[in-house]
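File shown here: coords_7.cif, holding mmCIF, C-alpha atoms and all ligand atoms.
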data_work
loop_
_atom_site.label_atom_id
_atom_site.label_comp_id
_atom_site.auth_asym_id
_atom_site.auth_seq_id
_atom_site.Cartn_x
_atom_site.Cartn_y
_atom_site.Cartn_z
CA VAL A 1 0.00 0.00 0.00
CA ALA A 2 3.00 2.31 -0.08
CA GLY A 3 2.06 5.28 -2.23
CA LEU A 4 -1.70 4.74 -1.98
CA VAL A 5 -2.33 7.59 0.42
CA GLN A 6 0.31 9.79 -1.21
CA ASP A 7 -1.31 9.41 -4.63
CA ALA A 8 -4.77 10.01 -3.16
CA VAL A 9 -3.56 13.23 -1.53
CA THR A 10 -1.94 14.43 -4.76
CA TRP A 11 -5.15 13.72 -6.66
CA TYR A 12 -7.23 15.47 -3.98
CA ALA A 13 -5.22 18.67 -4.39
CA GLY A 14 -6.52 19.00 -7.94
CA ALA A 15 -9.87 17.23 -7.82
CA ALA A 16 -11.45 18.08 -4.46
CA ARG A 17 -14.83 19.75 -4.45
CA ASP A 18 -14.90 23.24 -3.02
CA LEU A 19 -17.21 22.58 -0.07
CA PRO A 20 -17.93 25.34 2.45
CA TRP A 21 -16.75 23.33 5.48
CA ARG A 22 -13.40 22.65 3.84
CA ARG A 23 -12.44 26.29 3.43
CA PRO A 24 -9.67 27.81 5.55
CA GLY A 25 -10.70 29.38 8.82
CA VAL A 26 -13.79 27.25 9.41
CA SER A 27 -14.41 26.99 13.18
CA PRO A 28 -14.58 23.69 15.08
CA TYR A 29 -18.26 24.44 15.73
CA ALA A 30 -18.88 24.83 12.00
CA VAL A 31 -17.11 21.52 11.35
CA LEU A 32 -19.38 19.89 13.92
CA VAL A 33 -22.45 21.36 12.22
CA SER A 34 -21.28 20.09 8.83
CA GLU A 35 -20.51 16.58 10.07
CA VAL A 36 -23.86 16.17 11.82
CA MET A 37 -25.67 17.35 8.69
CA LEU A 38 -23.56 15.06 6.49
CA GLN A 39 -24.33 11.98 8.61
CA GLN A 40 -27.41 11.14 6.60
CA THR A 41 -27.74 13.83 3.93
CA PRO A 42 -25.84 14.24 0.63
CA VAL A 43 -23.30 17.05 0.20
CA GLY A 44 -25.42 18.96 -2.32
CA ARG A 45 -28.35 19.31 0.08
CA VAL A 46 -26.18 20.03 3.09
CA ALA A 47 -24.25 22.97 1.63
CA PRO A 48 -27.11 25.53 1.56
CA ALA A 49 -28.48 24.33 4.92
CA TYR A 50 -25.03 24.64 6.46
CA ASP A 51 -24.64 28.21 5.20
CA ALA A 52 -28.08 29.19 6.47
CA TRP A 53 -27.48 27.58 9.88
CA LEU A 54 -24.20 29.44 10.38
CA ALA A 55 -25.74 32.70 9.21
CA ARG A 56 -28.34 32.32 11.96
CA TRP A 57 -26.02 30.98 14.70
CA PRO A 58 -22.43 31.92 13.80
CA THR A 59 -21.03 30.62 17.10
CA LEU A 60 -21.73 27.70 19.36
CA PRO A 61 -22.93 29.77 22.36
CA GLU A 62 -25.51 31.46 20.12
CA LEU A 63 -26.92 28.08 19.12
CA ALA A 64 -26.90 26.87 22.72
CA ALA A 65 -28.88 29.95 23.81
CA ALA A 66 -31.66 29.35 21.28
CA PRO A 67 -34.76 27.22 22.07
CA SER A 68 -34.37 23.66 20.81
CA GLY A 69 -37.51 24.06 18.69
CA GLU A 70 -35.78 26.79 16.72
CA ALA A 71 -33.05 24.31 15.85
CA VAL A 72 -35.74 21.94 14.54
CA ARG A 73 -37.28 24.80 12.55
CA GLN A 74 -33.93 25.82 11.08
CA TRP A 75 -33.15 22.19 10.18
CA GLY A 76 -35.85 22.57 7.54
CA ARG A 77 -36.17 19.69 5.14
CA LEU A 78 -32.76 18.07 5.66
CA GLY A 79 -34.37 14.92 7.04
CA TYR A 80 -33.75 12.87 10.17
CA PRO A 81 -34.65 15.92 12.27
CA ARG A 82 -33.70 14.34 15.60
CA ARG A 83 -30.22 15.42 14.52
CA ALA A 84 -31.30 19.03 15.05
CA LEU A 85 -32.23 18.33 18.66
CA ARG A 86 -29.00 16.45 19.27
CA LEU A 87 -26.87 19.15 17.67
CA HIS A 88 -28.56 21.72 19.87
CA ALA A 89 -28.03 19.50 22.93
CA ALA A 90 -24.38 19.04 21.94
CA ALA A 91 -23.97 22.82 21.85
CA VAL A 92 -25.53 23.10 25.31
CA ALA A 93 -23.20 20.36 26.58
CA CYS A 94 -20.15 22.16 25.14
CA VAL A 95 -21.18 25.33 26.98
CA GLU A 96 -21.66 23.41 30.23
CA ARG A 97 -18.62 21.14 30.08
CA HIS A 98 -16.13 22.75 27.71
CA ALA A 99 -16.48 26.51 28.19
CA GLY A 100 -18.38 26.87 24.93
CA GLU A 101 -15.67 25.20 22.81
CA VAL A 102 -15.87 22.00 20.77
CA PRO A 103 -13.41 19.58 22.44
CA ALA A 104 -10.54 17.94 20.55
CA ALA A 105 -10.40 14.62 22.43
CA VAL A 106 -12.30 11.76 20.79
CA ALA A 107 -13.64 10.52 24.15
CA GLU A 108 -15.06 13.95 25.00
CA LEU A 109 -16.55 14.27 21.54
CA GLU A 110 -18.16 10.84 21.70
CA ALA A 111 -19.80 11.86 24.98
CA LEU A 112 -21.75 14.62 23.17
CA PRO A 113 -25.32 13.97 21.99
CA GLY A 114 -25.48 12.84 18.37
CA VAL A 115 -21.73 12.39 18.06
CA GLY A 116 -20.79 8.80 17.30
CA ARG A 117 -17.62 7.01 16.33
CA TYR A 118 -17.36 8.58 12.89
CA THR A 119 -18.41 12.12 13.75
CA ALA A 120 -16.14 12.30 16.81
CA ARG A 121 -13.10 11.40 14.74
CA ALA A 122 -14.09 13.62 11.83
CA VAL A 123 -14.36 16.62 14.16
CA ALA A 124 -11.11 15.76 16.00
CA ALA A 125 -9.28 15.49 12.68
CA PHE A 126 -10.85 18.20 10.53
CA ALA A 127 -11.45 20.78 13.27
CA HIS A 128 -8.40 20.17 15.45
CA GLY A 129 -5.82 18.37 13.29
CA VAL A 130 -5.71 15.28 15.50
CA ARG A 131 -4.24 12.11 13.94
CA VAL A 132 -7.18 9.71 14.23
CA PRO A 133 -8.71 7.44 11.59
CA VAL A 134 -11.85 8.94 10.04
CA VAL A 135 -13.76 6.04 8.58
CA ASP A 136 -17.07 6.58 6.86
CA VAL A 137 -18.56 4.08 4.40
CA ASN A 138 -16.67 5.71 1.55
CA VAL A 139 -13.29 5.35 3.23
CA ARG A 140 -14.12 1.82 4.27
CA ARG A 141 -14.98 0.88 0.70
CA VAL A 142 -11.76 2.41 -0.69
CA VAL A 143 -9.73 0.42 1.83
CA ALA A 144 -11.75 -2.76 1.21
CA ARG A 145 -10.90 -2.54 -2.46
CA ALA A 146 -7.41 -1.09 -2.52
CA VAL A 147 -5.99 -2.92 0.51
CA GLU A 148 -8.16 -5.99 1.03
CA GLY A 149 -9.01 -6.68 -2.61
CA VAL A 150 -12.75 -7.09 -2.10
CA ALA A 151 -15.60 -5.18 -3.74
CA GLU A 152 -17.33 -3.94 -0.62
CA GLY A 153 -16.58 -2.99 2.95
CA PRO A 154 -18.61 -4.39 5.84
CA ALA A 155 -22.13 -3.04 6.35
CA ALA A 156 -21.05 -1.29 9.56
CA VAL A 157 -17.67 0.19 10.43
CA GLY A 158 -16.14 -1.57 13.44
CA VAL A 159 -13.16 -1.00 15.72
CA ALA A 160 -10.96 -3.25 13.57
CA ASP A 161 -11.69 -1.01 10.58
CA LEU A 162 -10.38 1.97 12.50
CA ALA A 163 -7.09 0.19 13.14
CA LEU A 164 -6.82 -0.77 9.48
CA VAL A 165 -7.19 2.85 8.37
CA GLU A 166 -5.04 4.27 11.15
CA ALA A 167 -2.14 2.20 9.82
CA LEU A 168 -2.44 4.07 6.51
CA LEU A 169 -2.24 7.56 7.99
CA PRO A 170 0.97 9.54 7.81
CA ASP A 171 2.88 9.53 11.10
CA GLY A 172 3.54 12.45 13.32
CA PRO A 173 1.77 14.51 15.93
CA ALA A 174 -1.23 16.73 15.37
CA GLY A 175 -1.14 18.66 12.14
CA ALA A 176 -2.49 18.68 8.64
CA ALA A 177 -1.04 15.48 7.15
CA ALA A 178 -3.30 12.81 8.66
CA PRO A 179 -6.56 14.80 8.27
CA LEU A 180 -5.59 15.55 4.67
CA ALA A 181 -5.07 11.85 4.02
CA SER A 182 -8.49 11.11 5.53
CA VAL A 183 -10.38 13.69 3.51
CA ALA A 184 -8.56 12.57 0.36
CA LEU A 185 -9.63 8.94 0.87
CA MET A 186 -13.17 10.12 1.62
CA GLU A 187 -13.30 12.19 -1.56
CA LEU A 188 -11.86 9.35 -3.59
CA GLY A 189 -14.67 7.12 -2.32
CA ALA A 190 -17.28 9.78 -3.07
CA LEU A 191 -16.12 10.71 -6.59
CA VAL A 192 -14.14 7.78 -8.05
CA CYS A 193 -14.31 4.62 -5.98
CA THR A 194 -18.09 4.72 -5.79
CA ALA A 195 -20.27 1.85 -4.65
CA ARG A 196 -22.15 0.98 -7.83
CA ALA A 197 -20.12 2.31 -10.79
CA PRO A 198 -16.49 2.92 -9.80
CA ARG A 199 -14.41 4.91 -12.26
CA CYS A 200 -11.44 2.55 -12.18
CA PRO A 201 -9.97 3.54 -15.56
CA THR A 202 -9.24 7.05 -14.29
CA CYS A 203 -8.55 6.17 -10.66
CA PRO A 204 -5.45 7.86 -9.22
CA VAL A 205 -4.65 4.90 -6.94
CA ARG A 206 -5.29 2.17 -9.48
CA ALA A 207 -1.62 1.11 -9.41
CA HIS A 208 -1.96 0.31 -5.70
CA CYS A 209 -5.34 -1.40 -5.84
CA ALA A 210 -5.58 -5.03 -4.75
CA TRP A 211 -9.12 -5.27 -6.12
CA GLN A 212 -7.88 -4.27 -9.60
CA ARG A 213 -5.05 -6.79 -9.40
CA ALA A 214 -7.64 -9.46 -8.55
CA GLY A 215 -9.66 -8.55 -11.66
CA ALA A 216 -12.24 -6.43 -9.81
CA PRO A 217 -14.48 -9.33 -8.77
CA VAL A 218 -18.00 -8.23 -7.92
CA SER A 219 -19.50 -9.42 -4.67
CA LEU A 220 -23.01 -10.77 -4.27
CA GLY A 221 -24.31 -7.92 -2.15
CA ALA A 222 -23.34 -5.29 -4.71
CA SER A 223 -26.86 -4.14 -5.55
CA ARG A 224 -28.07 -3.09 -2.11
CA ARG A 225 -30.81 -0.51 -2.41
CA GLY A 226 -31.66 2.36 -0.14
CA GLN A 227 -34.96 2.46 1.76
CA GLY A 228 -37.88 3.99 -0.08
CA TYR A 229 -39.48 7.16 1.29
CA ALA A 230 -42.90 7.53 -0.30
CA GLY A 231 -45.64 6.17 1.91
CA THR A 232 -43.39 5.57 4.92
CA ASP A 233 -43.89 6.88 8.43
CA ARG A 234 -40.83 9.05 7.75
CA GLN A 235 -42.72 10.81 4.98
CA VAL A 236 -45.73 11.41 7.23
CA ARG A 237 -43.50 12.71 10.03
CA GLY A 238 -41.82 15.00 7.50
CA ARG A 239 -45.17 16.48 6.45
CA LEU A 240 -46.34 16.99 10.02
CA LEU A 241 -43.08 18.64 10.98
CA ALA A 242 -43.21 20.90 7.93
CA VAL A 243 -46.55 22.27 9.16
CA LEU A 244 -45.18 22.81 12.68
CA ARG A 245 -42.07 24.55 11.34
CA GLY A 246 -44.22 26.96 9.35
CA ALA A 247 -46.37 27.93 12.34
CA GLU A 248 -45.65 30.26 15.23
CA GLY A 249 -48.01 29.03 17.95
CA ALA A 250 -50.01 25.83 18.45
CA VAL A 251 -51.27 24.09 15.34
CA PRO A 252 -54.78 22.64 15.86
CA ALA A 253 -55.12 18.88 15.43
CA GLU A 254 -57.54 19.35 12.50
CA VAL A 255 -54.83 21.15 10.55
CA LEU A 256 -52.45 18.26 11.04
CA ASP A 257 -55.22 15.82 10.08
CA ALA A 258 -55.16 17.33 6.60
CA VAL A 259 -51.58 16.31 5.81
CA TRP A 260 -52.23 12.56 5.52
CA ASP A 261 -55.36 10.59 4.76
CA GLU A 262 -54.69 7.42 6.69
CA PRO A 263 -55.58 8.13 10.35
CA ALA A 264 -53.70 5.25 11.99
CA GLN A 265 -50.46 6.05 10.20
CA ARG A 266 -50.91 9.76 10.88
CA ALA A 267 -51.45 9.10 14.58
CA ARG A 268 -48.41 6.84 14.71
CA ALA A 269 -46.26 9.50 13.04
CA LEU A 270 -47.47 12.22 15.41
CA ALA A 271 -46.88 9.97 18.42
CA GLY A 272 -43.36 9.36 17.15
CA LEU A 273 -42.65 13.09 16.90
CA LEU A 274 -43.94 13.61 20.45
CA ALA A 275 -41.91 10.68 21.81
CA ASP A 276 -38.76 12.01 20.14
CA GLY A 277 -39.27 15.50 21.55
CA LEU A 278 -39.57 17.01 18.08
CA ALA A 279 -43.11 18.20 18.85
CA VAL A 280 -45.02 19.00 22.03
CA ALA A 281 -48.74 18.95 22.84
CA LEU A 282 -50.25 22.26 23.95
CA PRO A 283 -53.82 23.10 24.99
CA GLY A 284 -54.66 24.34 21.47
CA GLY A 285 -52.80 21.72 19.48
CA TYR A 286 -49.16 20.95 18.70
CA SER A 287 -45.94 22.91 18.19
CA LEU A 288 -42.19 22.63 18.02
CA PRO A 289 -40.59 22.35 21.48
CA ALA A 290 -39.84 25.57 23.36
N1 LIG A 301 -15.46 16.70 4.21
C1 LIG A 301 -15.27 16.50 5.51
N2 LIG A 301 -16.16 15.64 6.00
C2 LIG A 301 -16.95 15.30 4.97
C3 LIG A 301 -18.06 14.47 4.83
N3 LIG A 301 -18.55 13.81 5.87
N4 LIG A 301 -18.61 14.35 3.62
C4 LIG A 301 -18.12 15.04 2.60
N5 LIG A 301 -17.09 15.84 2.66
C5 LIG A 301 -16.50 15.98 3.85
#
Written as C-alpha cells, how would this file's structure read?
Ligand code: ADE
Amino acid sequence: VAGLVQDAVTWYAGAARDLPWRRPGVSPYAVLVSEVMLQQTPVGRVAPAYDAWLARWPTLPELAAAPSGEAVRQWGRLGYPRRALRLHAAAVACVERHAGEVPAAVAELEALPGVGRYTARAVAAFAHGVRVPVVDVNVRRVVARAVEGVAEGPAAVGVADLALVEALLPDGPAGAAAPLASVALMELGALVCTARAPRCPTCPVRAHCAWQRAGAPVSLGASRRGQGYAGTDRQVRGRLLAVLRGAEGAVPAEVLDAVWDEPAQRARALAGLLADGLAVALPGGYSLPA
C-alpha cells in the first residue's frame, strides 16, 4: 500500500470539491455542524443548509442559547430531524462542560449527543488536526478494495476497521497530514471509488489497488438498495413537521389531520414526533418544542 495515500492526496489537491466546510478558517463548531448534517444527507443538500445555519447561529454559544424548537425549525427539510435536537443538545453540553468550545479529544466528543464514532473522529481530525482514523462508508470501501481486494466494505464500520485505516495515515503529531489523508480517501470514495459504478480507468490509486489486481471481482451484495421514502412513516413525520415549522403558535389537530389521509399512520407518526421530543402537545394543538 506504499504510495496509496500519497497518490490520493496528490489527486485530492486538484480534484477536491470546493465545499464550504473545507475552506480555511472554518471553526470547530462549523465543522461539527457540517458533520452532523452530512451523517445522513448528501453534500449537495447540506451545503445551503449549512450556510443558512451558520448565518443564523455563527457561534456555538448562540446556538446553545436558542430554544431547541428553533433548531428543529432551522433544520428545515434536511431529514432525520432528531439530529437538530442532538446538535442543539451538543452545543448546550459544550457550553456546560467545555467553556463553549468544541473539544478535541475523541472521548469527550463521543460523549456529546449525536456524536458517534465517525463524527467524533471527523471533528477531532478536521477541526483540530488530531491524527485519528476517520472512517465513513466511503473510506471503508476504498480500503476494502485497494488494501483488502474485495468489492465492498462491511455493512457497519467496526473498531478493527479503525485500526486498518489508522495504519495508513501519515505519522507524526497533530497537524495537517493525517486529516488531509483522511479527507482525500473520503473524496476518492465519493467521486471515483463509488459503490455501484467505480471509475477505475481514471482512478489515481489504481496502481496500488488489490481489487484491480484481482480482476475487480463483484461481490453478491453489490446491488443493495436504499430504503424507499414515499408512503413511509418518515414521509408522514416530514409532512407533520413541515406544518409545525411553518407555524408560530399551536397548530390545531384538525390542521395536522389534513396532511395525511390514513388516520392510523398519521397518529403513529405524530406519536413518534412527540416521543422524540420534536413536537409537544399544547392546549390548542401541537408545536415545536420551546
Ligand atoms: N469533508 C469532511 N467531512 C466530509 C463528509 N462527511 N462528507 C463530505 N465531505 C466531507
(Q) Which residues are near A:Ala197? Cut-off 12 Å, all atoms listed in the file, ignore same chain within fewer than 4 positions. Put them as a ChimeraX atom specification. (A) /A:151,189-193,201,216,218,222-223
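The two atoms in question, atom CA of A:Tyr286 and atom CA of A:Trp53, are spaced 24.3 Å apart.
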**Q.** Pick from A:Gly172, A:Pro103, A:Gly238, A:Pro20, whichever lies nearest to ligand LIG 301 (chain A) using all atoms listed in the file
**A.** A:Pro20
Q: For stretch 3-11 of chain A, work out the shell of residues within 9 Å, counting only C-alpha atoms and skipping chain neighbours fewer than 5 positions away, then give it as an MDAnalysis selection string.
A: chainID A and resid 16 146 168:170 180:185 187:188 204:209
Q) What lies within 7 Å of A:Gly114 using all atoms listed in the file, ignoring chain neighbours under 4 positions off, as a PyMOL selection string? A) chain A and resi 83+86-87
Dump as CSV the rows for residues of chain A within 8 Å of ligand LIG 301 (chain A): closest atom pair and distance in Å with one decimal, only C-alpha atoms and all ligand atoms counted, ordered by chain and rising residue number.
residue,atom,partner,partner_atom,distance
A:Leu19,CA,A:LIG301,N5,7.3
A:Trp21,CA,A:LIG301,N1,6.9
A:Arg22,CA,A:LIG301,N1,6.3
A:Val31,CA,A:LIG301,C1,7.9
A:Ser34,CA,A:LIG301,N2,7.4
A:Glu35,CA,A:LIG301,N3,5.4
A:Leu38,CA,A:LIG301,N3,5.2
A:Gln39,CA,A:LIG301,N3,6.7
A:Pro42,CA,A:LIG301,N4,7.8
A:Val43,CA,A:LIG301,C4,6.1
A:Ala122,CA,A:LIG301,N2,6.5
A:Phe126,CA,A:LIG301,C1,6.9
A:Asp136,CA,A:LIG301,N3,7.4
A:Val183,CA,A:LIG301,N1,5.9
A:Met186,CA,A:LIG301,N5,7.0
A:Glu187,CA,A:LIG301,N5,6.7
A:Ala190,CA,A:LIG301,C4,7.8
Residues within 12 Å of A:His128, only C-alpha atoms, excluding chain neighbours under 6 positions, as a PDB file with C-alpha atoms, keeping the file's coordinate frame:
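The resulting file, around.pdb, is reproduced below:
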ATOM      1  CA  GLY A  25     -10.700  29.380   8.820  1.00  0.00           C
ATOM      2  CA  VAL A  26     -13.790  27.250   9.410  1.00  0.00           C
ATOM      3  CA  SER A  27     -14.410  26.990  13.180  1.00  0.00           C
ATOM      4  CA  PRO A  28     -14.580  23.690  15.080  1.00  0.00           C
ATOM      5  CA  TYR A  29     -18.260  24.440  15.730  1.00  0.00           C
ATOM      6  CA  ALA A  30     -18.880  24.830  12.000  1.00  0.00           C
ATOM      7  CA  VAL A  31     -17.110  21.520  11.350  1.00  0.00           C
ATOM      8  CA  LEU A  32     -19.380  19.890  13.920  1.00  0.00           C
ATOM      9  CA  GLU A 101     -15.670  25.200  22.810  1.00  0.00           C
ATOM     10  CA  VAL A 102     -15.870  22.000  20.770  1.00  0.00           C
ATOM     11  CA  PRO A 103     -13.410  19.580  22.440  1.00  0.00           C
ATOM     12  CA  ALA A 104     -10.540  17.940  20.550  1.00  0.00           C
ATOM     13  CA  ALA A 105     -10.400  14.620  22.430  1.00  0.00           C
ATOM     14  CA  VAL A 106     -12.300  11.760  20.790  1.00  0.00           C
ATOM     15  CA  LEU A 109     -16.550  14.270  21.540  1.00  0.00           C
ATOM     16  CA  ALA A 120     -16.140  12.300  16.810  1.00  0.00           C
ATOM     17  CA  ARG A 121     -13.100  11.400  14.740  1.00  0.00           C
ATOM     18  CA  ALA A 122     -14.090  13.620  11.830  1.00  0.00           C
ATOM     19  CA  PRO A 173       1.770  14.510  15.930  1.00  0.00           C
ATOM     20  CA  ALA A 174      -1.230  16.730  15.370  1.00  0.00           C
ATOM     21  CA  GLY A 175      -1.140  18.660  12.140  1.00  0.00           C
ATOM     22  CA  ALA A 176      -2.490  18.680   8.640  1.00  0.00           C
ATOM     23  CA  ALA A 178      -3.300  12.810   8.660  1.00  0.00           C
ATOM     24  CA  PRO A 179      -6.560  14.800   8.270  1.00  0.00           C
TER      25      PRO A 179
END
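When atom CA of A:Leu240 is paired with atom CA of A:Gly228, their separation reads 18.5 Å.
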Q | atom CA of A:Gly116 to atom CA of A:Leu162, distance in Å rounded to a single decimal | A |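 Answer for the atom CA of A:Gly116 to atom CA of A:Leu162 separation: 13.3 Å.
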Please fill the gaps in stretch 69-80 of chain A so it has N, CA and C atoms, and write that as a tab-separated table (two decimals), keeping the file's coordinate frame.
chain	number	residue	atom	x	y	z
A	69	GLY	N	-36.55	24.08	19.80
A	69	GLY	CA	-37.51	24.06	18.69
A	69	GLY	C	-37.07	24.91	17.52
A	70	GLU	N	-36.30	25.97	17.83
A	70	GLU	CA	-35.78	26.79	16.72
A	70	GLU	C	-34.74	26.03	15.92
A	71	ALA	N	-34.00	25.15	16.58
A	71	ALA	CA	-33.05	24.31	15.85
A	71	ALA	C	-33.81	23.36	14.90
A	72	VAL	N	-34.92	22.81	15.39
A	72	VAL	CA	-35.74	21.94	14.54
A	72	VAL	C	-36.30	22.74	13.36
A	73	ARG	N	-36.75	23.96	13.63
A	73	ARG	CA	-37.28	24.80	12.55
A	73	ARG	C	-36.19	25.09	11.51
A	74	GLN	N	-35.01	25.47	11.99
A	74	GLN	CA	-33.93	25.82	11.08
A	74	GLN	C	-33.44	24.60	10.29
A	75	TRP	N	-33.59	23.42	10.87
A	75	TRP	CA	-33.15	22.19	10.18
A	75	TRP	C	-33.87	22.04	8.85
A	76	GLY	N	-35.10	22.56	8.80
A	76	GLY	CA	-35.85	22.57	7.54
A	76	GLY	C	-36.09	21.17	7.03
A	77	ARG	N	-35.83	20.95	5.77
A	77	ARG	CA	-36.17	19.69	5.14
A	77	ARG	C	-34.94	18.79	4.94
A	78	LEU	N	-33.96	18.90	5.81
A	78	LEU	CA	-32.76	18.07	5.66
A	78	LEU	C	-33.02	16.59	5.95
A	79	GLY	N	-34.08	16.31	6.71
A	79	GLY	CA	-34.37	14.92	7.04
A	79	GLY	C	-33.72	14.48	8.34
A	80	TYR	N	-34.23	13.37	8.88
A	80	TYR	CA	-33.75	12.87	10.17
A	80	TYR	C	-33.60	14.00	11.18
